[in-house]
Amino acid sequence: MYLYALQDKKVLNMMILEVLEQYTDSDHRLTQQKIVELLEKNYGVPCTRQTVKNNLMLLKNMGYDISMRGGIFLKSRLFDNAELRMLIDSVLFSRTLSGEEAERLIKKLTGLGNKYFHAKVKHVCHLPKLIHSDNTDVLQNLDVLSDAIEQGRKVRFTYNSYGKDFKLHPRRKEPYIVNPYQMVENQGRYYLLCNHDKYNDISHYRLDYMTNVQMLDDKVKPKDQVEDFAQGYSLPKHMEEHIYMFSGPSVQVKMRVRENMMGALIDWFGKKFRIVQETEDGLIISVACNKLAMRYWALQYGEYVEVLEPENLRDEIREVVDCMASFYR
């Protein structure tokens with residue numbers, strides 16, 4: 001139990017507010033007497049109904065949205081149940097966070113709801129069974145990289161990949177040193193958008209593959225010296241054209257697709273692609289996309305997609321398809 005001095009009206013206000021946050025919503029309302037009982041039970045603080053009423057009016061005057069009609073309840077809070085559920089699920093199904101980090105963050109988010117909300121998120125018990133990162137430093141990486149981007153400083157890190165033992169191992173002995181500019185989320189993964197001094201394009205690195213992330217004293221390369229930024233950088237445009245977060249230039253692609261592919265096209269490319277022709281057997285569309293990403297995407301939807309242009313991309317896809325066909329002969 002917590003012991004508070006009754007003479008401290010601000011503390012009493014906060015205790016009453018905590019009671020409302022934990023025990024009320026539009027479906028669960030309290031009487032003044034029940035609030036008196038909860039103050040005694042939870043905080044060891046004796047109180048009267050009149051004192052509760054006076055403090056409720058003070059809280060309303062302070063701007064808290066408290067209803068006192070048909071029972072007392074807190075009408076609005078920092079996050080409503082639907083918003084909290086969305087936030088918790090985004091953490092629960094994140095593949096960037098480790099299971100330990102996800103579990104800790106979910107507990108914090110669940111604590112923002114009232115006691116009735118907890119029953120609505122029982123599915124979090126499946127957390128250990130879902131796929132999460134083996135890297136327990138992702139949130140720390142995020143913090144260091146955020147500071148580096150804000151301060152315009154370079155970062156150094158070890159970049160890893162999985163080995164046959166299902167564990168992360170450094171790709172090389174030397175650390176990577178890059179100019180960090182932006183972090184983005186794509187397909188449930190967080191990526192760092194950055195640049196290497198000896199190149200003038202943007203590279204992408206997954207945060208859950210990064211370890212030993214350190215901010216350096218060196219200032220980042222000015223953005224106008226990086227080709228993508230010098231040409232007028234747009235993050236939404238970059239994300240639309242780099243659907244798999246591959247580096248490299250984008251090309252204008254023309255392809256024939258079935259009409260029932262509209263949903264998949266919008267999922268991957270947004271609404272920036274153009275329908276240039278309608279045919280009896282489908283649509284011909286034009287879209288700007290990273291060339292390597294388009295090759296993988298076309299192979300993924302190969303049964304429903306035919307790349308028409310550029311010719312060299314069409315040739316590359318043909319070679320891959322022929323190679324794949326040889327595996328199944």
# chains A, B, ... in the order shown; residues from 1 in each chain; ligands from 1
call {"tool": "residues_around", "arguments": {"residues": "range 56-62 of chain A", "least_positions_apart": "6", "cutoff": "8 Å", "atoms": "only C-alpha atoms", "output": "ChimeraX atom specification"}}
result
/A:13,16-17
call {"tool": "write_last_selection", "arguments": {"atoms": "C-alpha atoms", "output": "compact mmCIF listing (two decimals), in the first residue's frame"}}
result
# COMPACT_ATOMS: atom_id res chain seq x y z
CA ASN A 13 -6.38 14.16 -7.22
CA ILE A 16 -8.59 9.44 -7.81
CA LEU A 17 -7.48 9.81 -11.44
call {"tool": "residues_around", "arguments": {"residues": "Leu39 in chain A", "least_positions_apart": "4", "cutoff": "8 Å", "atoms": "only C-alpha atoms", "output": "JSON list (two decimals) with C-alpha atoms, in the first residue's frame"}}
result
[["chain", "number", "residue", "atom", "x", "y", "z"],
["A", 15, "MET", "CA", -4.97, 8.88, -6.78],
["A", 16, "ILE", "CA", -8.59, 9.44, -7.81],
["A", 19, "VAL", "CA", -8.71, 4.82, -9.85],
["A", 35, "ILE", "CA", -14.19, 5.36, -5.20],
["A", 43, "TYR", "CA", -3.73, 3.42, -1.14],
["A", 44, "GLY", "CA", -4.67, 3.14, 2.53],
["A", 45, "VAL", "CA", -6.25, 6.58, 2.37],
["A", 46, "PRO", "CA", -9.50, 7.25, 4.26],
["A", 47, "CYS", "CA", -11.78, 9.71, 2.49]]
call {"tool": "closest_residue", "arguments": {"among": "A:Val144, A:Leu105, A:Met255, A:Val287", "to": "Glu241 in chain A", "atoms": "only C-alpha atoms"}}
result
A:Val287
call {"tool": "closest_residue", "arguments": {"among": "A:Pro222, A:Pro175, A:Gly99, A:Gly302", "to": "Asp197 in chain A", "atoms": "only C-alpha atoms"}}
result
A:Pro222
call {"tool": "residues_around", "arguments": {"residues": "Asn81 in chain A", "least_positions_apart": "4", "cutoff": "8 Å", "atoms": "only C-alpha atoms", "output": "NGL selection string"}}
result
:A and (85 or 113 or 117)
call {"tool": "select_by_dssp", "arguments": {"residues": "range 154-225 of chain A", "states": "strand (DSSP E or B)", "output": "count of residues only"}}
result
44
call {"tool": "closest_residue", "arguments": {"among": "A:Met210, A:Ala102, A:Met239, A:Val276", "to": "Ile88 in chain A", "atoms": "only C-alpha atoms"}}
result
A:Ala102
call {"tool": "closest_residue", "arguments": {"among": "A:Lys75, A:Lys41, A:His132, A:Lys122", "to": "Glu101 in chain A", "atoms": "only C-alpha atoms"}}
result
A:His132
call {"tool": "residues_around", "arguments": {"residues": "Pro249 in chain A", "least_positions_apart": "6", "cutoff": "10 Å", "atoms": "only C-alpha atoms", "output": "ChimeraX atom specification"}}
result
/A:201-202,228,241-242,288-292
call {"tool": "write_last_selection", "arguments": {"atoms": "C-alpha atoms", "output": "short mmCIF file (atom, residue, chain, number, x, y, z; two decimals), in the first residue's frame"}}
result
data_model
loop_
_atom_site.label_atom_id
_atom_site.label_comp_id
_atom_site.auth_asym_id
_atom_site.auth_seq_id
_atom_site.Cartn_x
_atom_site.Cartn_y
_atom_site.Cartn_z
CA ASP A 201 24.20 6.35 -53.56
CA ILE A 202 22.04 5.15 -50.68
CA ASP A 228 19.60 10.41 -54.39
CA GLU A 241 10.46 2.24 -55.71
CA HIS A 242 12.44 0.09 -53.25
CA ALA A 288 9.12 3.12 -61.50
CA CYS A 289 10.91 0.54 -59.37
CA ASN A 290 14.35 -0.55 -58.27
CA LYS A 291 15.51 -2.94 -60.99
CA LEU A 292 16.67 -5.78 -58.73
#
call {"tool": "closest_residue", "arguments": {"among": "A:Leu299, A:Tyr244, A:Asp322, A:Lys254", "to": "Gln277 in chain A", "atoms": "only C-alpha atoms"}}
result
A:Lys254
call {"tool": "closest_residue", "arguments": {"among": "A:Tyr190, A:Val155, A:Tyr233, A:Gly263", "to": "Lys221 in chain A", "atoms": "only C-alpha atoms"}}
result
A:Val155
call {"tool": "select_by_dssp", "arguments": {"residues": "range 125-308 of chain A", "states": "alpha helix (DSSP H)", "output": "number ranges by chain"}}
result
A: 138-151, 227-230, 235-241, 262-269, 291-300
call {"tool": "atom_distance", "arguments": {"atom1": "CA of Tyr191 in chain A", "atom2": "CA of Thr96 in chain A"}}
result
9.6 Å
call {"tool": "residues_around", "arguments": {"residues": "His28 in chain A", "least_positions_apart": "6", "cutoff": "9 Å", "atoms": "only C-alpha atoms", "output": "PyMOL selection string"}}
result
chain A and resi 71-73+116
call {"tool": "residues_around", "arguments": {"residues": "Leu142 in chain A", "least_positions_apart": "2", "cutoff": "10 Å", "atoms": "only C-alpha atoms", "output": "mmCIF file with N, CA and C atoms, in the first residue's frame"}}
result
data_model
loop_
_atom_site.group_PDB
_atom_site.id
_atom_site.type_symbol
_atom_site.label_atom_id
_atom_site.label_comp_id
_atom_site.auth_asym_id
_atom_site.auth_seq_id
_atom_site.Cartn_x
_atom_site.Cartn_y
_atom_site.Cartn_z
ATOM 1 N N ASP A 137 19.544 -6.092 -29.051
ATOM 2 C CA ASP A 137 19.998 -4.698 -28.986
ATOM 3 C C ASP A 137 19.258 -3.774 -29.952
ATOM 4 N N VAL A 138 18.151 -4.232 -30.514
ATOM 5 C CA VAL A 138 17.487 -3.442 -31.551
ATOM 6 C C VAL A 138 17.028 -2.078 -31.037
ATOM 7 N N LEU A 139 16.393 -2.053 -29.868
ATOM 8 C CA LEU A 139 15.919 -0.773 -29.332
ATOM 9 C C LEU A 139 17.080 0.149 -28.993
ATOM 10 N N GLN A 140 18.169 -0.437 -28.499
ATOM 11 C CA GLN A 140 19.361 0.369 -28.227
ATOM 12 C C GLN A 140 19.941 0.904 -29.541
ATOM 13 N N VAL A 144 20.589 4.878 -30.554
ATOM 14 C CA VAL A 144 21.880 5.417 -30.980
ATOM 15 C C VAL A 144 21.776 6.023 -32.375
ATOM 16 N N LEU A 145 21.122 5.320 -33.281
ATOM 17 C CA LEU A 145 20.988 5.812 -34.648
ATOM 18 C C LEU A 145 20.145 7.086 -34.709
ATOM 19 N N SER A 146 19.105 7.152 -33.882
ATOM 20 C CA SER A 146 18.280 8.370 -33.844
ATOM 21 C C SER A 146 19.114 9.569 -33.415
ATOM 22 N N ASP A 147 19.944 9.368 -32.390
ATOM 23 C CA ASP A 147 20.805 10.459 -31.924
ATOM 24 C C ASP A 147 21.803 10.863 -33.002
ATOM 25 N N ALA A 148 22.377 9.877 -33.683
ATOM 26 C CA ALA A 148 23.369 10.162 -34.721
ATOM 27 C C ALA A 148 22.752 10.941 -35.880
ATOM 28 N N MET A 183 15.685 6.375 -40.914
ATOM 29 C CA MET A 183 15.271 5.004 -40.617
ATOM 30 C C MET A 183 13.841 4.813 -41.107
ATOM 31 N N TYR A 190 12.896 -2.903 -39.721
ATOM 32 C CA TYR A 190 13.433 -1.554 -39.707
ATOM 33 C C TYR A 190 14.753 -1.522 -40.462
ATOM 34 N N TYR A 191 14.928 -0.463 -41.265
ATOM 35 C CA TYR A 191 16.148 -0.303 -42.060
ATOM 36 C C TYR A 191 16.757 1.065 -41.815
ATOM 37 N N LEU A 192 18.075 1.107 -41.894
ATOM 38 C CA LEU A 192 18.801 2.370 -41.885
ATOM 39 C C LEU A 192 19.122 2.748 -43.322
ATOM 40 N N LEU A 207 18.179 -3.111 -39.056
ATOM 41 C CA LEU A 207 18.592 -2.844 -37.682
ATOM 42 C C LEU A 207 18.786 -4.117 -36.874
ATOM 43 N N ASP A 208 17.991 -5.150 -37.151
ATOM 44 C CA ASP A 208 18.123 -6.375 -36.366
ATOM 45 C C ASP A 208 19.337 -7.209 -36.773
ATOM 46 N N VAL A 213 26.641 -0.959 -32.338
ATOM 47 C CA VAL A 213 26.404 0.327 -33.009
ATOM 48 C C VAL A 213 26.958 1.465 -32.147
#
call {"tool": "residues_around", "arguments": {"residues": "Lys219 in chain A", "least_positions_apart": "2", "cutoff": "9 Å", "atoms": "only C-alpha atoms", "output": "list in words"}}
result
Gln151, Gly152, Arg153, Lys154, Asn179, Leu216, Asp217, Lys221 and Pro222 of chain A
call {"tool": "atom_distance", "arguments": {"atom1": "CA of Leu12 in chain A", "atom2": "CA of Val52 in chain A"}}
result
8.9 Å
call {"tool": "atom_distance", "arguments": {"atom1": "CA of Val307 in chain A", "atom2": "CA of Asp267 in chain A"}}
result
18.4 Å
call {"tool": "decode", "arguments": {"residues": "range 155-250 of chain A", "atoms": "C-alpha atoms", "output": "JSON list (two decimals), in the first residue's frame"}}
result
[["chain", "number", "residue", "atom", "x", "y", "z"],
["A", 155, "VAL", "CA", 28.07, 5.61, -37.08],
["A", 156, "ARG", "CA", 30.11, 2.42, -36.88],
["A", 157, "PHE", "CA", 28.59, -1.05, -36.53],
["A", 158, "THR", "CA", 29.06, -4.73, -37.13],
["A", 159, "TYR", "CA", 26.74, -6.17, -39.77],
["A", 160, "ASN", "CA", 25.72, -9.80, -39.39],
["A", 161, "SER", "CA", 24.02, -12.64, -41.22],
["A", 162, "TYR", "CA", 22.77, -16.06, -40.14],
["A", 163, "GLY", "CA", 25.00, -19.11, -40.28],
["A", 164, "LYS", "CA", 24.20, -22.81, -40.42],
["A", 165, "ASP", "CA", 23.98, -22.82, -36.64],
["A", 166, "PHE", "CA", 20.97, -20.44, -36.87],
["A", 167, "LYS", "CA", 22.95, -17.71, -35.12],
["A", 168, "LEU", "CA", 24.10, -14.27, -36.23],
["A", 169, "HIS", "CA", 27.74, -13.92, -37.29],
["A", 170, "PRO", "CA", 29.70, -10.88, -38.55],
["A", 171, "ARG", "CA", 29.85, -10.66, -42.34],
["A", 172, "ARG", "CA", 33.40, -9.32, -42.16],
["A", 173, "LYS", "CA", 36.03, -8.45, -39.56],
["A", 174, "GLU", "CA", 36.09, -4.72, -40.29],
["A", 175, "PRO", "CA", 33.18, -2.64, -38.97],
["A", 176, "TYR", "CA", 30.96, -0.68, -41.35],
["A", 177, "ILE", "CA", 31.22, 3.11, -41.12],
["A", 178, "VAL", "CA", 28.39, 5.03, -42.78],
["A", 179, "ASN", "CA", 26.61, 8.36, -42.98],
["A", 180, "PRO", "CA", 23.14, 7.77, -41.46],
["A", 181, "TYR", "CA", 20.22, 9.82, -42.83],
["A", 182, "GLN", "CA", 16.91, 8.08, -42.16],
["A", 183, "MET", "CA", 15.27, 5.00, -40.62],
["A", 184, "VAL", "CA", 12.25, 3.37, -42.22],
["A", 185, "GLU", "CA", 10.02, 0.34, -41.72],
["A", 186, "ASN", "CA", 9.37, -2.06, -44.57],
["A", 187, "GLN", "CA", 7.61, -5.44, -44.46],
["A", 188, "GLY", "CA", 7.87, -5.60, -40.67],
["A", 189, "ARG", "CA", 11.60, -4.75, -40.61],
["A", 190, "TYR", "CA", 13.43, -1.55, -39.71],
["A", 191, "TYR", "CA", 16.15, -0.30, -42.06],
["A", 192, "LEU", "CA", 18.80, 2.37, -41.89],
["A", 193, "LEU", "CA", 19.12, 4.49, -45.03],
["A", 194, "CYS", "CA", 22.74, 5.62, -45.23],
["A", 195, "ASN", "CA", 25.73, 6.27, -47.47],
["A", 196, "HIS", "CA", 29.33, 5.06, -47.65],
["A", 197, "ASP", "CA", 31.89, 7.81, -48.16],
["A", 198, "LYS", "CA", 33.38, 6.23, -51.27],
["A", 199, "TYR", "CA", 30.02, 5.94, -53.02],
["A", 200, "ASN", "CA", 27.35, 8.49, -53.91],
["A", 201, "ASP", "CA", 24.20, 6.35, -53.56],
["A", 202, "ILE", "CA", 22.04, 5.15, -50.68],
["A", 203, "SER", "CA", 22.53, 1.79, -48.93],
["A", 204, "HIS", "CA", 20.06, -0.06, -46.70],
["A", 205, "TYR", "CA", 20.90, -2.02, -43.55],
["A", 206, "ARG", "CA", 18.51, -3.95, -41.31],
["A", 207, "LEU", "CA", 18.59, -2.84, -37.68],
["A", 208, "ASP", "CA", 18.12, -6.38, -36.37],
["A", 209, "TYR", "CA", 21.31, -7.46, -38.22],
["A", 210, "MET", "CA", 23.36, -4.63, -36.67],
["A", 211, "THR", "CA", 25.40, -5.02, -33.46],
["A", 212, "ASN", "CA", 27.96, -2.87, -31.65],
["A", 213, "VAL", "CA", 26.40, 0.33, -33.01],
["A", 214, "GLN", "CA", 28.41, 3.40, -32.03],
["A", 215, "MET", "CA", 28.07, 7.08, -32.86],
["A", 216, "LEU", "CA", 31.33, 8.69, -34.02],
["A", 217, "ASP", "CA", 32.59, 12.24, -33.72],
["A", 218, "ASP", "CA", 32.91, 12.62, -37.51],
["A", 219, "LYS", "CA", 30.21, 14.65, -39.24],
["A", 220, "VAL", "CA", 28.09, 12.98, -41.94],
["A", 221, "LYS", "CA", 28.62, 13.68, -45.62],
["A", 222, "PRO", "CA", 26.36, 16.57, -46.73],
["A", 223, "LYS", "CA", 23.21, 15.27, -48.38],
["A", 224, "ASP", "CA", 23.82, 17.27, -51.54],
["A", 225, "GLN", "CA", 26.86, 15.05, -52.17],
["A", 226, "VAL", "CA", 24.65, 11.94, -52.24],
["A", 227, "GLU", "CA", 23.07, 11.35, -55.64],
["A", 228, "ASP", "CA", 19.60, 10.41, -54.39],
["A", 229, "PHE", "CA", 19.33, 13.54, -52.24],
["A", 230, "ALA", "CA", 20.89, 15.85, -54.82],
["A", 231, "GLN", "CA", 18.17, 14.85, -57.30],
["A", 232, "GLY", "CA", 15.40, 15.81, -54.87],
["A", 233, "TYR", "CA", 14.79, 13.08, -52.33],
["A", 234, "SER", "CA", 11.29, 11.96, -51.36],
["A", 235, "LEU", "CA", 10.91, 9.25, -48.72],
["A", 236, "PRO", "CA", 7.46, 8.09, -49.96],
["A", 237, "LYS", "CA", 8.83, 7.86, -53.51],
["A", 238, "HIS", "CA", 11.92, 5.99, -52.27],
["A", 239, "MET", "CA", 9.75, 3.46, -50.43],
["A", 240, "GLU", "CA", 7.49, 2.95, -53.44],
["A", 241, "GLU", "CA", 10.46, 2.24, -55.71],
["A", 242, "HIS", "CA", 12.44, 0.09, -53.25],
["A", 243, "ILE", "CA", 9.86, -2.53, -52.30],
["A", 244, "TYR", "CA", 12.52, -4.97, -51.04],
["A", 245, "MET", "CA", 14.94, -2.31, -49.78],
["A", 246, "PHE", "CA", 17.59, -3.17, -52.39],
["A", 247, "SER", "CA", 20.04, -0.44, -53.27],
["A", 248, "GLY", "CA", 20.60, 0.78, -56.80],
["A", 249, "PRO", "CA", 18.82, 2.92, -59.37],
["A", 250, "SER", "CA", 15.17, 2.72, -60.31]]
